[in-house]
Amino acid sequence: MFRRFAFGGLSPFAAVLFCTALGLALQNYFKYVIAIVLVSMVIGVALVVLVGLARCITLATGAVMAIGAYTSTLLMTRIGIPYLIGLFCAAATGALAGWLIALPGTRFRGHNLAMVTLVFQAVAIILLREAKWLTGGAEGIHVPQPVIFGWRVATDADFLVLIGLLSALVILLVTILTRGPFGKNLQAASGNEIAAEAFGVSVPAYLRAAFVISSMVIGFSGALAAPRIRILDPESFGVLPSIFMLAYPIVGGMQSVWGGLLGGGGLRILPELLRPVADFQELFFASLVIAVVMFFPGGMVELLRRSTGRVFSRRNKQRAGEASLLPAIIPPEPTVHVWPTVPANSSEVLLRVEGIDRHFGALHAVNAASITVPIGGIHGLIGPNGAGKTSLFNIISGFLEAEQGHIDFAGTSLLDRPARDRIALGITRTFQHVAVFGQLSCLENVIIGRGRNAVMDSIKQSFDHFVGGRAREAAIRDALAALDAVGLADQASMPASSLSLGNQRRLELARAIVSNPRLILLDEPVSGLASAEVEELRQLLLRTNAERQIAMLVVEHNIPFVAKLCRTLSVMGAGAIVAEGNPEEVIARPGVRQLYFGEAAA
Amino acid sequence: MLVEFGLVLLAGLKFGAIYALAALGLVVVHKATKTVNFAHGAFAMLGAFASFLIVVHWQWPYWTAYLLIPLTIGAVAALLEFLVLRPLRRADMFTVVIATVFLGIALGEAFRLTYNTELLAVPGMFVGEPFIYWGVIITQETLWVIAGALVIAVGCVVLFRYGKLGRGMRAMAASVRGAQICGYSVDQVYMVAWGLGGALAGLAGVFVAPMAGVSVELSIAVITAGFVAGVLGGFDSLKGAILGGLLLGVIESLAAAYISSAMKNCVSFFLLFFVLMWRPEGLFPEKVARRV
Amino acid sequence: MTRFSERCVYLASVVIALAVSCASCPSTAEEQGVSATGITIGGMGALTGPTAFIGTPGRDGMMLAINEINEKGGVCGRKLTLQFEHASSPAESLAAVKKLTEQDKVFVMVLASGSTGAAAAADYVRANGIPTYNLYGSTPIIREPFAKNVFHGAIVPVEVAVRDLIAMFYDDGGNPQKFGILAGTYAFPQATLTAVEAYLKENKADYVVERFDQSARDFTSQLVSLSRQKVDSVLILGSFSEAGFAIKQAREIGMSNVRWVLDGSAVSKAIIPILGNADGLRGYFNVPYFPGQTASMREFEERLKSLIGSMPQGRPNNYDMIAYGSVFVIAEAIKATGCDLTWPKLISAWENLKEAGPTKMGGLDVSFSESYTPTDHQGNYRLGAAIVRNGEWQVYRVLDKP
C-alpha cells in the first residue's frame, strides 16, 4: 500500500527528458537554445536548494560556475583528461568552493551572508583573470569538443543529447534529496533554527551541506555548458550574471524543484524570445522580475497552481493521501526507542541537576540551583519573572552553558553537550514561543521529531524513501500515532503555520513525544491558551505521562495548572531554588507566597 | 616619497568621502526600514545625470544642482518606496532584496535607453588654481568634495540623532508596533527614510559626477562601494558608515599604489572578509547592546 | 497538480516559447538569403550593455549604407535587407549566429561585436562556411586558423596597430626616453598589451606597465608610480572614459611634459569634455578622417542623424563609419560575382577585390578602401594617426603597411 509513493518526484526528470526529445525533433538553432536552457534549469534547481530551502542568499553563482567550467576545460586541454572525468572533477571543485563559502558563510544570515558570497565571487573572478599562465586571463580560452568513449560530441544534436541526459540525471538526484528527509530537515533548519537544533538537526551542518550540494551542481553545470559555448572568459561569470541567476528561484518558486525548472528555463529563454525588442531586453527582464515578485509572491509555480484551479497543492494531496491511512492505525509499537517500563511513581532519579551556576555580567542569574526529576515523574518549576527559570531551563536543554555544577541524566552528563545531542539521549522539549516548522506539514513536523537527523543519515534516508523502503512507512506510522495521541490526526497534511495556537502547541507536543523520549522539557506550555484549552492540555499531558511513561519538567506561570499537573514542584527566586516538594504544600508556604504576592508572613 | 603618499592618500580620501555619503544613505534606510536598498547606486546615477542636465545642458548655476537634486531624487526615491516597496512590506528578505536589485537595474536601463551614450562628462564646480602644500598638489575640487561631502554627512548624523524624524526612524527600527502606538506612522517614516536616503544618494551623484562621469557603471560602483563601506563600519551605525567609507577609499588607494593596481579590489574584499569574521558588528559600531 | 497536468503545462509553455521564436522564421528563399528581389545580410553585435558602443553603431552604420545602396537600385537588381541580432555574452553570440544562419538564412554574416563575441562565433562560421565579415574583432581566435570564408575588414591585426601606436610617439619631433603603459585588465586591452610588450622588447625600449580595472575612475596610484619612474611617454590601452579621467588626474598631480597616445577606442569626441583642453592628445583612428574634418564626414554625420533621430554623445564613432564602409565592400563583392549569387562565387569574388570602398558605388568617402588576396583576408592595413588641435580631433597622416 505504501509502495505507490516510491519513485515519486520523477516528473521534473521526465520534463527534462521531454524537452530534450522535443529539441531533437526541431532545427539546430532550437537544439542549441534548448541545450542552454536545460543547463539553466539545472542551475535553477541547485539554487532552489540553497536560496529556497536553506534560505541562504548567494551572489557567488557565477564564480562557482566559472570554477567548474575552467576545471573541466583546463583538465581537458592541459592534461588531456577525458570530458566525463572532467565533469566529475568540476563537481568536486564546485563542492569545494561551496564548502569554502560555507566555512564563514554559515555564521551569517541576511546581508552579511550576501557580502561573504560577494567577496568570494569577486576574488575568484579576479584570480581567474590574473592567473594568465593558467587560465588565459581576460581574453579567455577556447574549449575543445568533448570526446566520450570515442563519440565526438560535435553536432547540435550530440550536445543536446549529452546535456539533456546529464541534466535530467542531476535534477533527479536533487529532487530525491529535496523531497526526502534531507530537504525537510533543511527547511526546518532554516525555518526555525532553535527548534531544529533541539531535535538533532544541526543547523550549521545542514547549511554547509546545502552550500556544498548546490555548488557541486552549479560547478557541474558550468562544465556542462562550457563545450557548448566553446569560449570561456571570466567576464561572463561576473556579478551581474550571478544576480540574474539569483532571480531564477525567486521568480520560479522557492520551495520546489519545479520552481527551479520554471524560473531557470523561463528566464533563460527570455533573451531569445525578446530578440525583436533586443534594445529593451534588460529593462523588460528587470521589470518582469519586479512584477513577479510584487504580484506573485510564490513565483511562477504558485501562479500556475492557482491558474489550474487547484486549491490544495499537489504536495498537500499527497500528504492527504498519507493521512488517509489513519483508520487502519493500531496503537503504536515503539519503533524508535524502548525504555524499560517503570511504574509512574518510581523514586529512581532520571534527571539530577546539581549546583548550577550562571552569571550574565554582574547578574547572578542562576545560583546553585538543584532539581531532581524521578523516572516517569512530573516536576514543575515556578517563580516570578526574572527568577532565572528560563536560564536554568535553557541550560538543561543545552542552549546555554553553565559555569558550574552538574547535570546527570540516567548516568550521562549533559554538560558540554550541544542541544542537538539531547534527542539521541531521550530528551525533547517544547518552546515558550511556539516553534513549529511552519512551511512543513504537521506530519513532516512530527517526523522530524523522531530524531536521527544527521546530514548523512537524512541523505541516505532520502534515497531510501525514493526507492520505497520500509523506513518511510515506519516513520509515517509513528508520526500519525503521535498526532492521533494529541488529537491532530486529521490535520496531518495541513501546513503547520495554518494551525491555531492551541493546535500548534499540541503539534509541538506530538513532535516531542513521537520519539518516545524519557524526558520532555515543557516551557510554558499553556501560555496564551484559553482556560478550556489549558484543561485539555493538562489532561493530554497526564495521559501521555501515564501511557508512554515519559517524565516531564514543566516551567509555567499558571499556578493552578501546575498544581494539578505536577507531582513535585520547585520554586525559584532571584536565581536560587527557594522551595521544593509537594505542590499544595509548597504553594502554601509563606516564603513562596511572599515571593509571588509580597504577602507579609502569616 | 612622502609627496607620493600624500597624493595617494588624498585620492583615497576624495573617493572615500563619496563612499561615505553613499554608505550613509544606505545605512539610514536600513536603520529605519531594516531593508538594504540595492537601487541606491541607481539613485546616485540619476543624481549625477541631473547634475549633467543642470550644469551642462541647461547651464544653470552650479549651486542650484546641490540644492535641487537632493530634493528631486529624494522625491523619486520616496515615490518608488510608495509604489514598489510598500506592497512588499510583508514579504521576506529575499523578495525585497531582489526587488531593489532589479529596480536598480531597471532604472539604469531606463536611463541608458533615454540617453544612449557611453559616458557624459560634467565639469567640476571649482576649477581654479590648485593649492600646493609640502609638495602635494591639492585641487580645489578635491577639497570641495572631501569637505562638502563630510559636512553633509555629519549634518545628517546630527539630524538623525536629535531631530524628531530621526527619533521616529530609530523607534520604528526598534519596534514597529511600539512606534505605531507612540503615534508614528509606518508609511510616513518609511517614505521619509527612503526620501532621505535618496537625497543622500543624489548628492553623492552630484559630487561624484565630475570625478567619474555619468554612466550606468556609476550605479554599480556606488552601490558596491556603499554596501562594503556600510558593512565595514557596522551596518546600523551612521558614524560607522562615514568612517567606513573613508577607510575603504583610503585602503583601496593605498593598496593600488603599494600592493598591486590590478588586485586592489581583492584587497578591499579581504579587508571586508576579515571584518565580517572577526568584528561582524563592524569597525565603528554604535552602542553595543547587552544581550540577556 | 498531477504528474500529467504538470507535464501538460510544461509542454504548453515550451510550445508557446518556440512559437514566439518562430515569429522570425524565415520566408522561403531560392538560395540562402537570396530571393528574386532581395539579399539578406545578417549582423550580430551588442545593442545593450558595456559594449553597446560597438554594436549599436555597427547596426546603424550598416543600415545607413544599405538605405543608400537601395535608393540607387540595390545590387544585382535586388534590395539589401539587414537582419541584426543582439548578442553580448559568448552564449548569446553563438545563438545569434546560429539563428541568423539557420533560421533567418542570411547570405552574408557580419560580426559587429567585440572580440569575445567574434571568438564565440568563430568555430561555428568556419565549420558552416557562410561568408563572414569580421568588422571589429582583433582577437586571434577569429583570425587563426585561416578560413576561406572569413574576411577581416577595417580593424587591423593588433601587431600592425601596435607598430603605428608606437610610431606616433616619434611624430613631430617626439623623442621618447621611457614609455609608460596604462592598460586595462579586461580582454581587449590585455590583447593589445601583449603585442605592445613584444614590440617594445624587440626594439629594446625602456618601459613600465601599470594596470587598472575596467571602468576604474581613480588612477592616482598608477600615475604616481609612472611619474616616479620619470616616464615621458604614456600609452593608454582602454576606453575613452578611462583615458579621459586618467589624463585629467595626471594633470592634477602635476604630470606635465608627457606625450599621451591613446588606443583606438579612446579616440572619440567624448574624451574632450572630460578634459576641457585635450590638445596634443594622439591616437589612431580606423578611418581616414575624423567626423567633421571633411565635407563628406559632415555629410555622413547629417545622414546618420536623420537615420537615428538624435546623435548620442560621442557619435559618430569609428564603428559607425567602418560599418558603413563595410556594407559597400560587401555590395562590391556581390556585384563582382557577376550576379551569380552563391557562397563559393561570393568568396572568390571577395578575395579578389582591390580598393573596394564606398566611393565606388556612390557612397561617402569615410572609410579606408580594402584589398584582398586569396591568401590574405585582411582587407585594410591602414590607420589614421589623429591628434587633437583646437579642441577637435583630426587625422594628420595615414599610416600604411611598410
# chains A, B, ... in the order shown; residues from 1 in each chain; ligands from 1

call {"tool": "residues_around", "arguments": {"residues": "Leu261 in chain A", "least_positions_apart": "6", "cutoff": "7 Å", "atoms": "only C-alpha atoms", "output": "PyMOL selection string"}}
result
chain A and resi 41+44-45

call {"tool": "interface_residues", "arguments": {"of": "chain B", "to": "chain A", "cutoff": "8 Å", "atoms": "only C-alpha atoms", "output": "list of chain:residue names"}}
result
B:Val36, B:Val84, B:Pro87, B:Leu88, B:Ala91, B:Met93, B:Phe94, B:Thr95, B:Ile98, B:Ala99, B:Phe102, B:Leu103, B:Ile105, B:Ala106, B:Glu109, B:Ala110, B:Leu113, B:Val228, B:Val231, B:Met263, B:Asn265, B:Cys266, B:Phe269, B:Phe270, B:Leu272, B:Phe273, B:Leu276, B:Met277, B:Val292

call {"tool": "closest_residue", "arguments": {"among": "C:Leu100, C:Met168, C:Ala295, C:Leu94", "to": "Thr40 in chain C", "atoms": "only C-alpha atoms"}}
result
C:Leu100

call {"tool": "interface_residues", "arguments": {"of": "chain A", "to": "chain C", "cutoff": "9 Å", "atoms": "only C-alpha atoms", "output": "PyMOL selection string"}}
result
chain A and resi 9-12+14-15+18-19+27-30+32-33+36+129-130+137-140+142+228-233+235-236+262+266+269-276+278-282+304-305+308+310+312-315+317

call {"tool": "closest_atom_pairs", "arguments": {"of": "chain B", "to": "chain C", "cutoff": "6 Å", "atoms": "only C-alpha atoms", "output": "JSON lines"}}
result
{"residue": "B:Val8", "atom": "CA", "partner": "C:Ser221", "partner_atom": "CA", "distance": 5.9}
{"residue": "B:Asn116", "atom": "CA", "partner": "C:Pro312", "partner_atom": "CA", "distance": 5.9}
{"residue": "B:Thr117", "atom": "CA", "partner": "C:Pro312", "partner_atom": "CA", "distance": 5.5}
{"residue": "B:Ala121", "atom": "CA", "partner": "C:Ile274", "partner_atom": "CA", "distance": 5.2}
{"residue": "B:Ile137", "atom": "CA", "partner": "C:Ile253", "partner_atom": "CA", "distance": 5.9}
{"residue": "B:Ala212", "atom": "CA", "partner": "C:Arg217", "partner_atom": "CA", "distance": 5.7}
{"residue": "B:Ala256", "atom": "CA", "partner": "C:Ser221", "partner_atom": "CA", "distance": 5.8}
{"residue": "B:Ala257", "atom": "CA", "partner": "C:Ser221", "partner_atom": "CA", "distance": 4.4}
{"residue": "B:Ser261", "atom": "CA", "partner": "C:Arg211", "partner_atom": "CA", "distance": 5.8}
{"residue": "B:Ala262", "atom": "CA", "partner": "C:Phe212", "partner_atom": "CA", "distance": 5.6}

call {"tool": "write_last_selection", "arguments": {"atoms": "N, CA and C atoms", "output": "PDB file, in the first residue's frame"}}
result
ATOM      1  N   VAL B   8      48.456  59.911  -2.927  1.00  0.00           N
ATOM      2  CA  VAL B   8      47.660  58.681  -2.897  1.00  0.00           C
ATOM      3  C   VAL B   8      46.608  58.772  -1.785  1.00  0.00           C
ATOM      4  N   ASN B 116      21.146  57.467 -24.772  1.00  0.00           N
ATOM      5  CA  ASN B 116      22.053  56.376 -25.125  1.00  0.00           C
ATOM      6  C   ASN B 116      23.455  56.873 -25.383  1.00  0.00           C
ATOM      7  N   THR B 117      24.265  56.838 -24.356  1.00  0.00           N
ATOM      8  CA  THR B 117      25.634  57.299 -24.542  1.00  0.00           C
ATOM      9  C   THR B 117      26.515  56.568 -23.565  1.00  0.00           C
ATOM     10  N   ALA B 121      30.230  63.738 -19.596  1.00  0.00           N
ATOM     11  CA  ALA B 121      31.201  64.431 -18.749  1.00  0.00           C
ATOM     12  C   ALA B 121      30.572  65.646 -18.106  1.00  0.00           C
ATOM     13  N   ILE B 137      49.975  68.446  -4.434  1.00  0.00           N
ATOM     14  CA  ILE B 137      49.026  69.290  -5.151  1.00  0.00           C
ATOM     15  C   ILE B 137      47.611  68.922  -4.734  1.00  0.00           C
ATOM     16  N   ALA B 212      33.825  61.087 -12.082  1.00  0.00           N
ATOM     17  CA  ALA B 212      33.628  59.772 -12.693  1.00  0.00           C
ATOM     18  C   ALA B 212      32.735  59.794 -13.920  1.00  0.00           C
ATOM     19  N   ALA B 256      46.242  50.003  -4.211  1.00  0.00           N
ATOM     20  CA  ALA B 256      46.585  50.133  -5.623  1.00  0.00           C
ATOM     21  C   ALA B 256      48.002  50.649  -5.780  1.00  0.00           C
ATOM     22  N   ALA B 257      48.393  51.531  -4.854  1.00  0.00           N
ATOM     23  CA  ALA B 257      49.723  52.125  -5.005  1.00  0.00           C
ATOM     24  C   ALA B 257      50.820  51.191  -4.531  1.00  0.00           C
ATOM     25  N   SER B 261      47.977  47.358  -8.552  1.00  0.00           N
ATOM     26  CA  SER B 261      46.802  48.081  -9.033  1.00  0.00           C
ATOM     27  C   SER B 261      45.753  47.153  -9.612  1.00  0.00           C
ATOM     28  N   ALA B 262      46.192  45.981 -10.097  1.00  0.00           N
ATOM     29  CA  ALA B 262      45.195  45.071 -10.660  1.00  0.00           C
ATOM     30  C   ALA B 262      44.406  44.366  -9.574  1.00  0.00           C
TER      31      ALA B 262
END

call {"tool": "residues_around", "arguments": {"residues": "Leu10 in chain B", "least_positions_apart": "2", "cutoff": "12 Å", "atoms": "only C-alpha atoms", "output": "number ranges by chain"}}
result
B: 3-8, 12-17, 133, 136-139, 141-143, 145-146, 246, 249-254; C: 218, 220-221, 252-253

call {"tool": "write_last_selection", "arguments": {"atoms": "C-alpha atoms", "output": "mmCIF file, in the first residue's frame"}}
result
data_model
loop_
_atom_site.group_PDB
_atom_site.id
_atom_site.type_symbol
_atom_site.label_atom_id
_atom_site.label_comp_id
_atom_site.auth_asym_id
_atom_site.auth_seq_id
_atom_site.Cartn_x
_atom_site.Cartn_y
_atom_site.Cartn_z
ATOM 1 C CA VAL B 3 54.649 63.555 -1.631
ATOM 2 C CA GLU B 4 53.554 60.409 -3.386
ATOM 3 C CA PHE B 5 51.994 59.089 -0.234
ATOM 4 C CA GLY B 6 50.207 62.368 0.234
ATOM 5 C CA LEU B 7 48.788 62.258 -3.280
ATOM 6 C CA VAL B 8 47.660 58.681 -2.897
ATOM 7 C CA GLY B 12 41.714 57.837 -1.267
ATOM 8 C CA LEU B 13 40.011 60.454 0.879
ATOM 9 C CA LYS B 14 38.347 62.008 -2.126
ATOM 10 C CA PHE B 15 36.725 58.785 -3.247
ATOM 11 C CA GLY B 16 36.278 57.798 0.383
ATOM 12 C CA ALA B 17 34.159 60.866 1.001
ATOM 13 C CA TYR B 133 51.245 72.080 0.448
ATOM 14 C CA VAL B 136 51.387 67.817 -2.598
ATOM 15 C CA ILE B 137 49.026 69.290 -5.151
ATOM 16 C CA ILE B 138 45.501 69.668 -3.833
ATOM 17 C CA THR B 139 42.940 70.738 -6.401
ATOM 18 C CA GLU B 141 37.702 70.185 -6.450
ATOM 19 C CA THR B 142 39.339 67.666 -4.151
ATOM 20 C CA LEU B 143 38.961 69.982 -1.189
ATOM 21 C CA VAL B 145 34.448 67.037 -2.377
ATOM 22 C CA ILE B 146 36.099 65.990 0.851
ATOM 23 C CA LEU B 246 36.713 56.934 4.266
ATOM 24 C CA GLY B 249 38.621 54.746 -0.070
ATOM 25 C CA VAL B 250 41.987 55.091 1.607
ATOM 26 C CA ILE B 251 42.655 51.356 1.736
ATOM 27 C CA GLU B 252 41.789 50.976 -1.946
ATOM 28 C CA SER B 253 44.084 53.784 -2.911
ATOM 29 C CA LEU B 254 46.963 52.582 -0.776
ATOM 30 C CA ASP C 218 40.893 56.556 -9.847
ATOM 31 C CA THR C 220 46.281 58.287 -8.867
ATOM 32 C CA SER C 221 48.315 55.300 -7.716
ATOM 33 C CA GLU C 252 46.078 67.276 -11.290
ATOM 34 C CA ILE C 253 49.095 65.600 -9.781
#

call {"tool": "residues_around", "arguments": {"residues": "Leu443 in chain A", "least_positions_apart": "4", "cutoff": "9 Å", "atoms": "only C-alpha atoms", "output": "PDB file with C-alpha atoms, in the first residue's frame"}}
result
ATOM      1  CA  ARG A 319       0.000  14.273   2.326  1.00  0.00           C
ATOM      2  CA  ALA A 323      -3.171  10.787   6.203  1.00  0.00           C
ATOM      3  CA  ILE A 447       8.598  13.011  11.588  1.00  0.00           C
ATOM      4  CA  ILE A 448      11.498  15.342  12.311  1.00  0.00           C
ATOM      5  CA  ILE A 476       4.649   7.856   8.861  1.00  0.00           C
ATOM      6  CA  ALA A 479       4.076  10.210  13.365  1.00  0.00           C
ATOM      7  CA  LEU A 480       0.405   9.544  12.774  1.00  0.00           C
ATOM      8  CA  LEU A 483      -0.648  13.091  16.085  1.00  0.00           C
ATOM      9  CA  ALA A 489      -4.535  13.209  13.181  1.00  0.00           C
ATOM     10  CA  GLN A 491      -4.634  17.842  10.360  1.00  0.00           C
ATOM     11  CA  ALA A 492      -1.707  15.696   9.310  1.00  0.00           C
ATOM     12  CA  SER A 493      -1.419  17.140   5.827  1.00  0.00           C
ATOM     13  CA  MET A 494      -2.022  20.777   6.737  1.00  0.00           C
ATOM     14  CA  PRO A 495       0.922  23.161   6.856  1.00  0.00           C
ATOM     15  CA  ALA A 496       1.813  23.802  10.462  1.00  0.00           C
TER      16      ALA A 496
END

call {"tool": "select_by_dssp", "arguments": {"residues": "range 188-335 of chain A", "states": "helix (DSSP H, G or I)", "output": "count of residues only"}}
result
115

call {"tool": "atom_distance", "arguments": {"atom1": "CA of Val48 in chain A", "atom2": "CA of Thr178 in chain A"}}
result
9.4 Å

call {"tool": "residues_around", "arguments": {"residues": "Ala387 in chain A", "least_positions_apart": "4", "cutoff": "6 Å", "atoms": "only C-alpha atoms", "output": "PyMOL selection string"}}
result
chain A and resi 383+572-575

call {"tool": "write_last_selection", "arguments": {"atoms": "C-alpha atoms", "output": "PDB file, in the first residue's frame"}}
result
ATOM      1  CA  GLY A 383       8.835  31.519  40.101  1.00  0.00           C
ATOM      2  CA  MET A 572      12.874  29.721  42.067  1.00  0.00           C
ATOM      3  CA  GLY A 573      13.529  33.205  43.294  1.00  0.00           C
ATOM      4  CA  ALA A 574      16.394  35.504  42.329  1.00  0.00           C
ATOM      5  CA  GLY A 575      18.268  32.638  40.756  1.00  0.00           C
TER       6      GLY A 575
END

call {"tool": "residues_around", "arguments": {"residues": "Met172 in chain B", "least_positions_apart": "4", "cutoff": "9 Å", "atoms": "only C-alpha atoms", "output": "PyMOL selection string"}}
result
chain B and resi 31-33+167-168+176-180+184-186+189-190
